[in-house]
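Written out below as structure tokens is the structure these notes cover.
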Amino acid sequence: MQERSSNTWPLLSDPTSRAIDWIKDYWKDKGLMEVKYFELRSQLETCLADGIPLLVTDIDVQALAKDDRFKNVLIQRPKFIRENVAFKLMVGDHEVECEPKFRLYLHTATEPYLVPHELASNVGIIYFHLSRPDIEEELLDRFMRMEKSRIEDERTTLMLEKMENMQFLEKIEKQMRDLLSSDVRLMNDLSATKKLAELKKQYDETVESQARVESNELSIMKAREGYRSVAQRGAVCFDTSQYLRELNPLYQTSFRQFLDIYDAAISHSERAAVKAVVERLTYSSYVTTARALLERDRTIYALVLSIEVEESMGNMGMGEREFLVSPSFGTILMSALGKTQTDSKIVQTKKPFDWMLDEAFQSLQILAIHYEWSQDMFDRMSKDGRETQWRNLCESDAPEVATLPDKMDDVFLPMQRLLVIRAVRPDRLMQASSVFITSVLGKKYIGDIGVDLPLILRQSDPVTPILLMYSDESETAETLFTDFASRKQSRTRILTISDSSSEKLARKFLHKGMSEGLWILLHNAHNSPHLLHSLETILAEVEDQNIDAQFRCWISVQAHADKLPIRLLQTTVKVLVDSPKVMKDNMIRAFSWVDADILKQSSRPEWPALLHNICYLHGTLRLRARFNRGGWNKPQEFLHLGNNELFEALALAITEFRDNLTTIGQDGQPISRNTSWNGMRFMLSEVIYGSYITDPYDQQSLSAIVDYWISPNATKKDFELARLKYKHPPAFFSSHVRLNALMQALEGIPNHFLDAPEACHLHQSSETLLGDDQYVFSRLNQVFDSMPQSTTLKHKLFPRPPTPFSGPPLAQVSAQSNNPQVVNMGVFASASFAAMKMKKEIELWELCHVTLPKVPKAYSRDYVSERIKKIGGNTPFNMFLMKELELIHTLLTEIKQTLQAIKTATELTVFGDQLPPRLVSAADDLYHMKVPRVWCELAGSTAPPPTLQLASWLTDLSNRCQHFERLLLLGREKMPAYWLGAFFNPRGLLALLKQDSYKHHSVDRSGTVEPFVFQTEITARDKDHLRDPPQEGMFVFGIYIWGCAWEKTTGELMDAAPRHGCTALPVVHITCWPQSEKPILQDPGRAAETYACPIYHSRIAKRERIMDMDVRRENITASRWALRGLTATIRPY
């Protein structure tokens, strides 16, 4: 039909690779030639010349759009239909005589919306996609054929009999009609009457037989329906896995791969109940898919699978998915669908309890307004006796497992309970989701999957490679391979692929391995893209009977979608071997990879506890990196920590803790010695982990963490991690310790319990946010956007996924969604678009008209020169001030010119294509209420975060200008205090102070100059009460500390309260001293308590240290503040 009705060649978009077999079967008698796109050489010209149909598979649509060989062939498709004789066509750089009988079929596993426009305009895209009900019927037929063949055979026999009966009935009816319509008079013709009676008798018998057949068929269909739940669950599992491509193109699953899982799960099902088969199928499908996902995406998959399983069982309601993503998104959708409660009593209800957060009450009210099942609970909330129940829920440390008020746990479905917790405690959304997944699917769907190499080996075969994917830990893949091969006593060969030239050698290795039964590892194979494209062909070059059954092809690759062919992902057994970043899973994985005999390396009772501490230390360093700059100054240096460092740390511990430790004495004889804790701490902090660190303040924090965990006190049974109240599991102090028992003890740690700031010695604040909820639920929204509409999933607001705009996706998942630390962890989806559309429309002219008067006035150069002369002329300080004023003049001028140009363009109705890109970009940012990027570039390190309102930033600029005005009026001699945040280059101001100190101190005649350092004192004074500068040094203000708090009444440093942001310090007095004369260092006790706190521009700017600030508290060592990651900034963001 497509051939007769279309003037373009068909491009089959077939993400599950099902259409290839269908096309080959359709053309099996017509000489169809099949070739992979990356192996295409002269086949196109040959088929064009001979008129042979050509199927090109595994096409990269981006490459095809630029391929000159296909350009004219695609454009000239009508000629192949219209012409009857051969014609000439340019193919690439040469001419080919083409037969009109030639037919071209293009196949790709790419989604239709990813096909480039220039290619889509010249081909007819056919999306080969089966809906979930169709997959369900197909899987049910497959189950019946494989496991209930007798019933299926009976059904087939009955269908054939039914068809024969229908044909016979049609034949008899025709004969009866012919007889009755003939000229024969039945009353006078006995033979005709007898014939008619005979036909009637045959008809009745056939009808009776047909009734019997239909009755038997109905019985068989009832028996068949008894197994529908298996097919239904299989359809849900496969369909759900397909939408993971929206998260990452790496997540490819072919229908053939899924059928292998399905067949294995249902085999021998006659010996198991249907429920057991369903559970086995669900878990097999989950494990196979989830083990190839990145860690955070596994949570999304488990959540989507749980929701879709609930939907298939009829336990989902309309709009519930959207409320889960964001309550505001839920109310927008339900209002658009007209699902709103008109009862004014619910709408007008006031918050019944003063202690309840406004956000929690508003979310509960939204539930009652739009979701009927929650109305009774909402109505009874203000009744007597309910306040205690609601308070226990809202203020519980673990509300996800707390009892709901009014015994609603017995009434609500799992999804409904999750939505209630989502409403009252959005900060526990991840934990509540884990409870939901557990209640729907089971506990084993939460947490790390593990790298089960024996299972992976069973799922592979000599022509099905095993793909070991990694993000950074390439050595982990190689270690896993060699250790597993050693346990299996298999002969191995490892070939490290460095570039495309290794392909010839890889082919040789594979042929040798196939003939001798070797395990071949192609290590870092992503370095040769052509090898990955050709691998299937290489493995198919050898006949099946000539391949040794022991042969396996292992491939290690970096997990980047642009480096891996889709065909490879759809024909291999995949697993991601990265170490988990979740603390609990990281510790369990670490213990699963260590040697089983490691517990026998030492008989000391604290040995298991030390192993725990080393694994915990390894995990906590990575956890701090997940908090970005809230944990480390340079977190990227810790993201690459892998198993090598862990194994080196364990080897160090084994060396220091083995029995009968000895060392070489002065006489050359071995003498016994004790464990060197200081030596272990030095090796861990300076060599094993310290080798990654380039920032001195990160080194301080690392040393403090190592000192905390690697000590005799930390291996005691009663040792407890402060605030989190975490202790070693009791199994680590058992008299008969077994490795499996230790792993089971770690399994008992609650999910997400250790993924808290306190677990890595930080405090909860606006900075110490992992952003997991932002990551998971914005992408969950993205997956829902790609799903087809159903009775419980509506796309009324956006019939197709909205096009993203530049800038952070404001998903409104939680109250912290707009926090600069997490805002960019989300993705743009319909909830973001809805939130943007709900904002009041901005008129650019009005915005520019209102904003222009608020822009501070830029000082003229003449005015600045005149004021500089009055306060001392061209002194070093005044020259520094002039440079600062020039920078702010440039910024303010750019702001005014941009606003004026946009205002003028709107007045003249000038279209965007007539404006320079700089103005268009600024107008787009202003429309979305953001500070334009061109202004931020000029602002440099003083640039605001992407979520700061424009008005707030202009107010800050105005305050800075007022500070400069005061400087111009008073001059350096009379300026009482300096606002460091007002300057573009505050280090220049401090350099002037240091320069003056050099002048006032004597210099050694030999020419050597001792380094000068700052000493700071945090005073109790307020900047508004200062009238005169200090006699020595300078006063500065506007410094904010992060990670701790400052008690103004006592003037002491203290731990910050939970969810506390930065703390503004009072005025700080800075003086400059020669390093050896710095007063605070003269007393060893005070020096040990003094922490050099680094001061930076902001938390979002490049980490360029301005200076160090001395902070201390009596009787508290400086390492405590290093543990907290204490830093300071000159801006509150």
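Residue numbering restarts at 1 for every chain of the structure tokens, chains are lettered A, B, ... in their displayed order, and ligands are numbered from 1 as they appear.
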As an MDAnalysis selection string, please: the residues near region 1097-1108 of chain A (cut-off 10 Å, only C-alpha atoms, same-chain neighbours under 3 positions excluded).
chainID A and resid 628:630 633:634 695 767 820:821 940:946 980:981 983:988 990 1013:1016 1039:1040 1042 1091:1094 1111 1127:1133
For C-alpha atoms, I'd like the residues from the last selection saved as a PDB file, in the first residue's frame.
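selection.pdb was written with the following content:
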ATOM      1  CA  ASN A 628      28.729  19.295  45.116  1.00  0.00           C
ATOM      2  CA  ARG A 629      30.407  22.343  46.660  1.00  0.00           C
ATOM      3  CA  GLY A 630      28.507  21.782  49.863  1.00  0.00           C
ATOM      4  CA  ASN A 633      35.627  22.700  47.033  1.00  0.00           C
ATOM      5  CA  LYS A 634      36.449  20.557  44.004  1.00  0.00           C
ATOM      6  CA  ASP A 695      42.727  21.939  46.909  1.00  0.00           C
ATOM      7  CA  GLU A 767      23.303  23.611  50.205  1.00  0.00           C
ATOM      8  CA  PRO A 820      20.669  26.731  42.680  1.00  0.00           C
ATOM      9  CA  GLN A 821      22.196  23.465  43.943  1.00  0.00           C
ATOM     10  CA  GLY A 940      31.954  37.853  36.172  1.00  0.00           C
ATOM     11  CA  SER A 941      32.317  36.382  39.654  1.00  0.00           C
ATOM     12  CA  THR A 942      29.611  38.745  40.961  1.00  0.00           C
ATOM     13  CA  ALA A 943      26.980  37.159  38.691  1.00  0.00           C
ATOM     14  CA  PRO A 944      23.799  35.988  40.450  1.00  0.00           C
ATOM     15  CA  PRO A 945      22.444  32.400  40.484  1.00  0.00           C
ATOM     16  CA  PRO A 946      20.033  31.524  37.637  1.00  0.00           C
ATOM     17  CA  LEU A 980      33.837  43.058  50.157  1.00  0.00           C
ATOM     18  CA  GLY A 981      30.843  41.981  48.075  1.00  0.00           C
ATOM     19  CA  PHE A 983      34.005  44.868  44.592  1.00  0.00           C
ATOM     20  CA  PHE A 984      34.659  42.916  41.408  1.00  0.00           C
ATOM     21  CA  ASN A 985      38.186  42.205  42.649  1.00  0.00           C
ATOM     22  CA  PRO A 986      38.222  42.221  46.477  1.00  0.00           C
ATOM     23  CA  ARG A 987      41.656  40.595  46.443  1.00  0.00           C
ATOM     24  CA  GLY A 988      42.986  43.867  45.047  1.00  0.00           C
ATOM     25  CA  LEU A 990      43.362  43.226  50.439  1.00  0.00           C
ATOM     26  CA  VAL A1013      49.670  36.861  56.258  1.00  0.00           C
ATOM     27  CA  PHE A1014      46.301  38.158  57.411  1.00  0.00           C
ATOM     28  CA  GLN A1015      44.954  37.793  60.900  1.00  0.00           C
ATOM     29  CA  THR A1016      41.213  38.238  61.312  1.00  0.00           C
ATOM     30  CA  ILE A1039      30.931  37.824  54.922  1.00  0.00           C
ATOM     31  CA  TYR A1040      28.720  34.723  55.096  1.00  0.00           C
ATOM     32  CA  TRP A1042      28.460  28.028  55.235  1.00  0.00           C
ATOM     33  CA  TYR A1091      40.771  26.952  61.537  1.00  0.00           C
ATOM     34  CA  ALA A1092      41.782  28.810  58.387  1.00  0.00           C
ATOM     35  CA  CYS A1093      38.374  29.282  56.779  1.00  0.00           C
ATOM     36  CA  PRO A1094      38.665  30.091  53.045  1.00  0.00           C
ATOM     37  CA  VAL A1111      37.849  31.103  63.220  1.00  0.00           C
ATOM     38  CA  THR A1127      33.802  27.933  54.120  1.00  0.00           C
ATOM     39  CA  ALA A1128      32.777  31.561  53.685  1.00  0.00           C
ATOM     40  CA  THR A1129      31.617  33.787  50.819  1.00  0.00           C
ATOM     41  CA  ILE A1130      31.141  37.487  50.278  1.00  0.00           C
ATOM     42  CA  ARG A1131      27.696  36.935  48.774  1.00  0.00           C
ATOM     43  CA  PRO A1132      24.720  35.069  50.270  1.00  0.00           C
ATOM     44  CA  TYR A1133      24.516  32.597  47.405  1.00  0.00           C
TER      45      TYR A1133
END
Can you list, as a PyMOL selection string, every protein, DNA or RNA residue that comes within 12 Å of region 333-350 of chain A when you count only C-alpha atoms, leaving out same-chain residues fewer than 5 positions away?
chain A and resi 317-323+325-328+356+358+361-362+364-382+792-798+830-831+834-835+838
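With only C-alpha atoms taken into account, the protein and nucleic acid residues at most 6 Å from His523 (chain A) (excluding it and anything under 3 positions from it in its own chain) are A:Leu495, A:Thr496, A:Ile497, A:Ser556.
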Output of the above residues as an mmCIF file, in the first residue's frame, restricted to N, CA, C and O atoms:
data_model
loop_
_atom_site.group_PDB
_atom_site.id
_atom_site.type_symbol
_atom_site.label_atom_id
_atom_site.label_comp_id
_atom_site.auth_asym_id
_atom_site.auth_seq_id
_atom_site.Cartn_x
_atom_site.Cartn_y
_atom_site.Cartn_z
ATOM 1 N N LEU A 495 42.263 -7.908 24.996
ATOM 2 C CA LEU A 495 42.773 -6.980 23.994
ATOM 3 C C LEU A 495 42.249 -5.588 24.323
ATOM 4 O O LEU A 495 41.043 -5.351 24.302
ATOM 5 N N THR A 496 43.165 -4.683 24.643
ATOM 6 C CA THR A 496 42.781 -3.297 24.924
ATOM 7 C C THR A 496 42.694 -2.533 23.609
ATOM 8 O O THR A 496 43.680 -2.454 22.862
ATOM 9 N N ILE A 497 41.533 -1.987 23.334
ATOM 10 C CA ILE A 497 41.291 -1.270 22.073
ATOM 11 C C ILE A 497 41.658 0.197 22.285
ATOM 12 O O ILE A 497 41.089 0.874 23.139
ATOM 13 N N SER A 556 34.034 -4.426 27.126
ATOM 14 C CA SER A 556 33.923 -3.338 28.108
ATOM 15 C C SER A 556 33.922 -2.009 27.356
ATOM 16 O O SER A 556 34.764 -1.779 26.485
#
Please provide as a CSV table (one decimal) with N, CA, C and O atoms, in the first residue's frame all residues within 8 Å of region 425-438 of chain A, with the sequence filter that same-chain residues fewer than 4 positions apart are discarded (counting only C-alpha atoms).
chain,number,residue,atom,x,y,z
A,302,ALA,N,11.9,1.5,38.6
A,302,ALA,CA,11.1,0.8,39.6
A,302,ALA,C,9.9,1.5,39.9
A,302,ALA,O,8.8,0.9,40.1
A,303,LEU,N,9.9,2.8,40.0
A,303,LEU,CA,8.7,3.6,40.3
A,303,LEU,C,7.7,3.5,39.1
A,303,LEU,O,6.5,3.4,39.3
A,306,SER,N,6.1,0.1,39.0
A,306,SER,CA,5.2,-0.1,40.1
A,306,SER,C,3.8,0.6,39.7
A,306,SER,O,2.7,0.1,39.9
A,360,ALA,N,1.8,22.1,53.2
A,360,ALA,CA,1.2,20.8,53.5
A,360,ALA,C,-0.3,20.9,53.4
A,360,ALA,O,-1.0,20.0,52.8
A,394,CYS,N,2.9,14.3,60.5
A,394,CYS,CA,3.6,15.4,59.8
A,394,CYS,C,5.0,15.6,60.4
A,394,CYS,O,5.9,16.1,59.7
A,398,ALA,N,10.0,9.4,60.2
A,398,ALA,CA,9.8,8.5,59.1
A,398,ALA,C,8.3,8.4,58.8
A,398,ALA,O,7.7,7.4,59.0
A,399,PRO,N,7.8,9.5,58.2
A,399,PRO,CA,6.3,9.5,57.9
A,399,PRO,C,5.9,8.5,56.9
A,399,PRO,O,4.7,8.1,56.9
A,400,GLU,N,6.9,8.0,56.1
A,400,GLU,CA,6.5,7.1,55.1
A,400,GLU,C,6.0,5.7,55.6
A,400,GLU,O,5.3,5.0,54.9
A,401,VAL,N,6.4,5.4,56.9
A,401,VAL,CA,6.0,4.2,57.5
A,401,VAL,C,5.1,4.5,58.7
A,401,VAL,O,4.7,3.5,59.4
A,414,PRO,N,-2.1,1.7,47.7
A,414,PRO,CA,-0.7,2.2,47.9
A,414,PRO,C,-0.4,3.5,47.3
A,414,PRO,O,0.3,4.4,47.9
A,415,MET,N,-1.0,3.8,46.1
A,415,MET,CA,-0.8,5.1,45.4
A,415,MET,C,-1.4,6.2,46.2
A,415,MET,O,-0.8,7.3,46.3
A,418,LEU,N,0.7,7.1,49.1
A,418,LEU,CA,1.9,7.8,48.7
A,418,LEU,C,1.6,9.3,48.4
A,418,LEU,O,2.3,10.1,48.8
A,421,ILE,N,1.3,11.2,51.8
A,421,ILE,CA,2.7,11.5,52.3
A,421,ILE,C,3.3,12.5,51.4
A,421,ILE,O,4.0,13.4,51.9
A,442,GLY,N,7.6,-5.4,46.0
A,442,GLY,CA,8.4,-6.2,46.9
A,442,GLY,C,9.7,-5.5,47.3
A,442,GLY,O,10.2,-4.6,46.6
A,443,LYS,N,10.3,-5.9,48.4
A,443,LYS,CA,11.5,-5.3,48.9
A,443,LYS,C,12.7,-5.4,48.0
A,443,LYS,O,13.6,-4.5,47.9
A,444,LYS,N,12.8,-6.5,47.2
A,444,LYS,CA,14.0,-6.7,46.4
A,444,LYS,C,14.0,-5.8,45.2
A,444,LYS,O,15.0,-5.8,44.5
A,445,TYR,N,13.0,-5.0,45.0
A,445,TYR,CA,13.0,-4.0,43.9
A,445,TYR,C,13.7,-2.7,44.3
A,445,TYR,O,13.7,-1.8,43.5
A,446,ILE,N,14.1,-2.6,45.5
A,446,ILE,CA,14.7,-1.4,46.1
A,446,ILE,C,16.2,-1.7,46.3
A,446,ILE,O,16.6,-2.7,46.8
A,751,ASN,N,16.6,2.1,53.9
A,751,ASN,CA,17.0,2.8,52.6
A,751,ASN,C,17.1,4.3,52.8
A,751,ASN,O,16.2,4.9,53.5
A,752,HIS,N,18.1,4.9,52.2
A,752,HIS,CA,18.3,6.4,52.2
A,752,HIS,C,18.7,6.9,53.6
A,752,HIS,O,19.0,8.1,53.7
A,772,ASP,N,18.0,14.3,44.6
A,772,ASP,CA,17.4,13.1,44.0
A,772,ASP,C,16.0,13.2,43.6
A,772,ASP,O,15.5,12.7,42.5
A,773,ASP,N,15.2,13.9,44.4
A,773,ASP,CA,13.8,14.0,44.1
A,773,ASP,C,13.6,14.9,42.8
A,773,ASP,O,12.7,14.6,42.0
A,814,SER,N,9.6,20.1,44.7
A,814,SER,CA,9.6,20.3,46.1
A,814,SER,C,9.8,21.8,46.4
A,814,SER,O,10.0,22.6,45.4
A,815,ALA,N,9.8,22.1,47.7
A,815,ALA,CA,10.1,23.5,48.0
A,815,ALA,C,11.5,23.9,47.6
A,815,ALA,O,11.9,25.1,47.5
At what distance in Å, to one decimal, does CA of Leu702 (chain A) lie from CA of Glu720 (chain A)?
19.5 Å
Identify, on the basis of only C-alpha atoms, every residue whose closest approach to Ile1018 (chain A) does not exceed 7 Å; exclude the query and any residue fewer than 6 positions from it along the same chain; express the result as a list in words.
Pro1066, Val1067, Val1068 and His1069 of chain A
Taking only C-alpha atoms into account, name the residue in A:Val411, A:Glu173, A:Arg185, A:Lys88 that is nearest to Val207 (chain A).
A:Glu173
List as a PyMOL selection string the protein and nucleic acid residues near region 35-43 of chain A, meaning an atom at most 6 Å away when only C-alpha atoms are counted, but skip any in the same chain fewer than 2 places from it.
chain A and resi 45-46+56-59
As JSON, numbers by chain, which residues of region 669-829 of chain A does DSSP assign to strand (DSSP E or B)?
{"A": [670, 671, 672, 720, 721, 726, 727]}
Given the selection you just returned, output its residues as a file containing all heavy atoms, formatted as a compact mmCIF listing (two decimals), in the first residue's frame.
# COMPACT_ATOMS: atom_id res chain seq x y z
N PRO A 670 64.15 -9.25 63.29
CA PRO A 670 62.75 -8.81 63.37
C PRO A 670 62.31 -8.69 64.81
O PRO A 670 62.61 -9.54 65.66
CB PRO A 670 61.99 -9.91 62.63
CG PRO A 670 62.87 -11.12 62.70
CD PRO A 670 64.27 -10.61 62.71
N ILE A 671 61.61 -7.60 65.12
CA ILE A 671 61.03 -7.41 66.45
C ILE A 671 59.55 -7.09 66.28
O ILE A 671 59.11 -6.56 65.26
CB ILE A 671 61.75 -6.27 67.20
CG1 ILE A 671 61.67 -4.95 66.39
CG2 ILE A 671 63.17 -6.62 67.51
CD1 ILE A 671 62.22 -3.77 67.13
N SER A 672 58.75 -7.43 67.29
CA SER A 672 57.31 -7.20 67.20
C SER A 672 57.00 -5.71 67.36
O SER A 672 57.76 -4.97 68.00
CB SER A 672 56.59 -8.00 68.29
OG SER A 672 57.01 -7.58 69.57
N GLU A 720 29.46 5.76 68.03
CA GLU A 720 28.24 6.21 67.34
C GLU A 720 28.53 7.48 66.55
O GLU A 720 29.21 8.39 67.05
CB GLU A 720 27.13 6.47 68.36
CG GLU A 720 25.81 6.89 67.74
CD GLU A 720 24.71 7.08 68.77
OE1 GLU A 720 24.69 8.17 69.41
OE2 GLU A 720 23.91 6.15 68.99
N LEU A 721 28.02 7.53 65.33
CA LEU A 721 28.17 8.72 64.50
C LEU A 721 27.23 9.80 65.02
O LEU A 721 26.01 9.58 65.09
CB LEU A 721 27.85 8.40 63.04
CG LEU A 721 27.99 9.54 62.02
CD1 LEU A 721 29.41 10.06 61.99
CD2 LEU A 721 27.58 9.07 60.64
N TYR A 726 24.16 6.62 64.15
CA TYR A 726 24.45 5.37 63.44
C TYR A 726 25.56 4.63 64.15
O TYR A 726 26.60 5.20 64.48
CB TYR A 726 24.84 5.66 61.99
CG TYR A 726 25.38 4.44 61.26
CD1 TYR A 726 24.53 3.41 60.87
CD2 TYR A 726 26.74 4.33 60.97
CE1 TYR A 726 25.02 2.30 60.20
CE2 TYR A 726 27.23 3.23 60.31
CZ TYR A 726 26.37 2.22 59.92
OH TYR A 726 26.85 1.10 59.28
N LYS A 727 25.35 3.33 64.41
CA LYS A 727 26.35 2.47 65.02
C LYS A 727 26.68 1.32 64.08
O LYS A 727 25.92 1.00 63.18
CB LYS A 727 25.83 1.91 66.35
CG LYS A 727 25.74 2.92 67.47
CD LYS A 727 25.34 2.22 68.77
CE LYS A 727 25.34 3.18 69.94
NZ LYS A 727 25.01 2.48 71.21
Which of A:Lys903, A:His94, A:Arg567, A:Arg960 sits closest to Ala109 (chain A) [using only C-alpha atoms]
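Smallest distance to Ala109 (chain A) is found for A:Arg567.
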Tell me which protein, DNA and RNA residues are within 8 Å of Ala235 (chain A), counting only C-alpha atoms, leaving out same-chain ones fewer than 4 positions away, and put them as a PyMOL selection string.
chain A and resi 132-133+135-136+139+231+239
Output of the above residues as a short mmCIF file (atom, residue, chain, number, x, y, z; two decimals), in the first residue's frame, restricted to all heavy atoms:
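Saved as part01.cif:
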data_model
loop_
_atom_site.label_atom_id
_atom_site.label_comp_id
_atom_site.auth_asym_id
_atom_site.auth_seq_id
_atom_site.Cartn_x
_atom_site.Cartn_y
_atom_site.Cartn_z
N ARG A 132 0.21 -1.69 24.09
CA ARG A 132 0.27 -2.67 25.18
C ARG A 132 -0.77 -3.78 25.03
O ARG A 132 -0.44 -4.96 25.24
CB ARG A 132 0.13 -1.95 26.52
CG ARG A 132 0.46 -2.85 27.71
CD ARG A 132 0.33 -2.10 29.03
NE ARG A 132 1.29 -1.01 29.11
CZ ARG A 132 1.34 -0.16 30.13
NH1 ARG A 132 0.50 -0.27 31.14
NH2 ARG A 132 2.24 0.81 30.15
N PRO A 133 -2.04 -3.50 24.67
CA PRO A 133 -3.01 -4.60 24.48
C PRO A 133 -2.59 -5.58 23.38
O PRO A 133 -2.81 -6.79 23.50
CB PRO A 133 -4.30 -3.88 24.12
CG PRO A 133 -4.16 -2.52 24.74
CD PRO A 133 -2.72 -2.18 24.60
N ILE A 135 0.54 -6.29 22.45
CA ILE A 135 1.64 -7.09 23.00
C ILE A 135 1.07 -8.16 23.94
O ILE A 135 1.53 -9.31 23.95
CB ILE A 135 2.65 -6.19 23.73
CG1 ILE A 135 3.27 -5.18 22.77
CG2 ILE A 135 3.74 -7.02 24.39
CD1 ILE A 135 4.11 -4.12 23.46
N GLU A 136 0.07 -7.78 24.71
CA GLU A 136 -0.53 -8.72 25.67
C GLU A 136 -1.12 -9.92 24.94
O GLU A 136 -0.90 -11.07 25.35
CB GLU A 136 -1.62 -7.99 26.46
CG GLU A 136 -2.29 -8.83 27.51
CD GLU A 136 -3.36 -8.05 28.26
OE1 GLU A 136 -3.13 -6.86 28.55
OE2 GLU A 136 -4.43 -8.63 28.54
N LEU A 139 1.72 -12.11 23.57
CA LEU A 139 2.38 -12.88 24.63
C LEU A 139 1.48 -13.99 25.18
O LEU A 139 1.96 -15.07 25.54
CB LEU A 139 2.80 -11.95 25.78
CG LEU A 139 3.89 -10.92 25.45
CD1 LEU A 139 4.18 -10.05 26.67
CD2 LEU A 139 5.17 -11.60 24.97
N ALA A 231 0.48 -12.76 30.65
CA ALA A 231 0.73 -11.96 29.45
C ALA A 231 0.58 -10.48 29.75
O ALA A 231 1.34 -9.64 29.22
CB ALA A 231 -0.24 -12.37 28.34
N ASP A 239 6.57 -2.92 27.81
CA ASP A 239 6.15 -1.58 27.40
C ASP A 239 6.83 -0.52 28.27
O ASP A 239 7.28 0.51 27.77
CB ASP A 239 4.63 -1.47 27.51
CG ASP A 239 4.08 -0.28 26.74
OD1 ASP A 239 4.56 -0.04 25.61
OD2 ASP A 239 3.20 0.42 27.26
#
Among listed residues A:Pro1029, A:Leu968, A:Lys79, A:Phe255, nearest Gly872 (chain A) (using only C-alpha atoms)
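Selected residue with least distance to Gly872 (chain A): A:Leu968.
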Quick one: of A:Ala1088, A:Leu104, A:Leu539, A:Met787, who's nearest to Met514 (chain A), counting only C-alpha atoms?
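Looking only at the distances to Met514 (chain A), the closest residue turns out to be A:Leu539.
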For CA of Glu137 (chain A) and CA of Asn248 (chain A), quote the distance in Å rounded to one decimal.
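It comes out at 28.8 Å.
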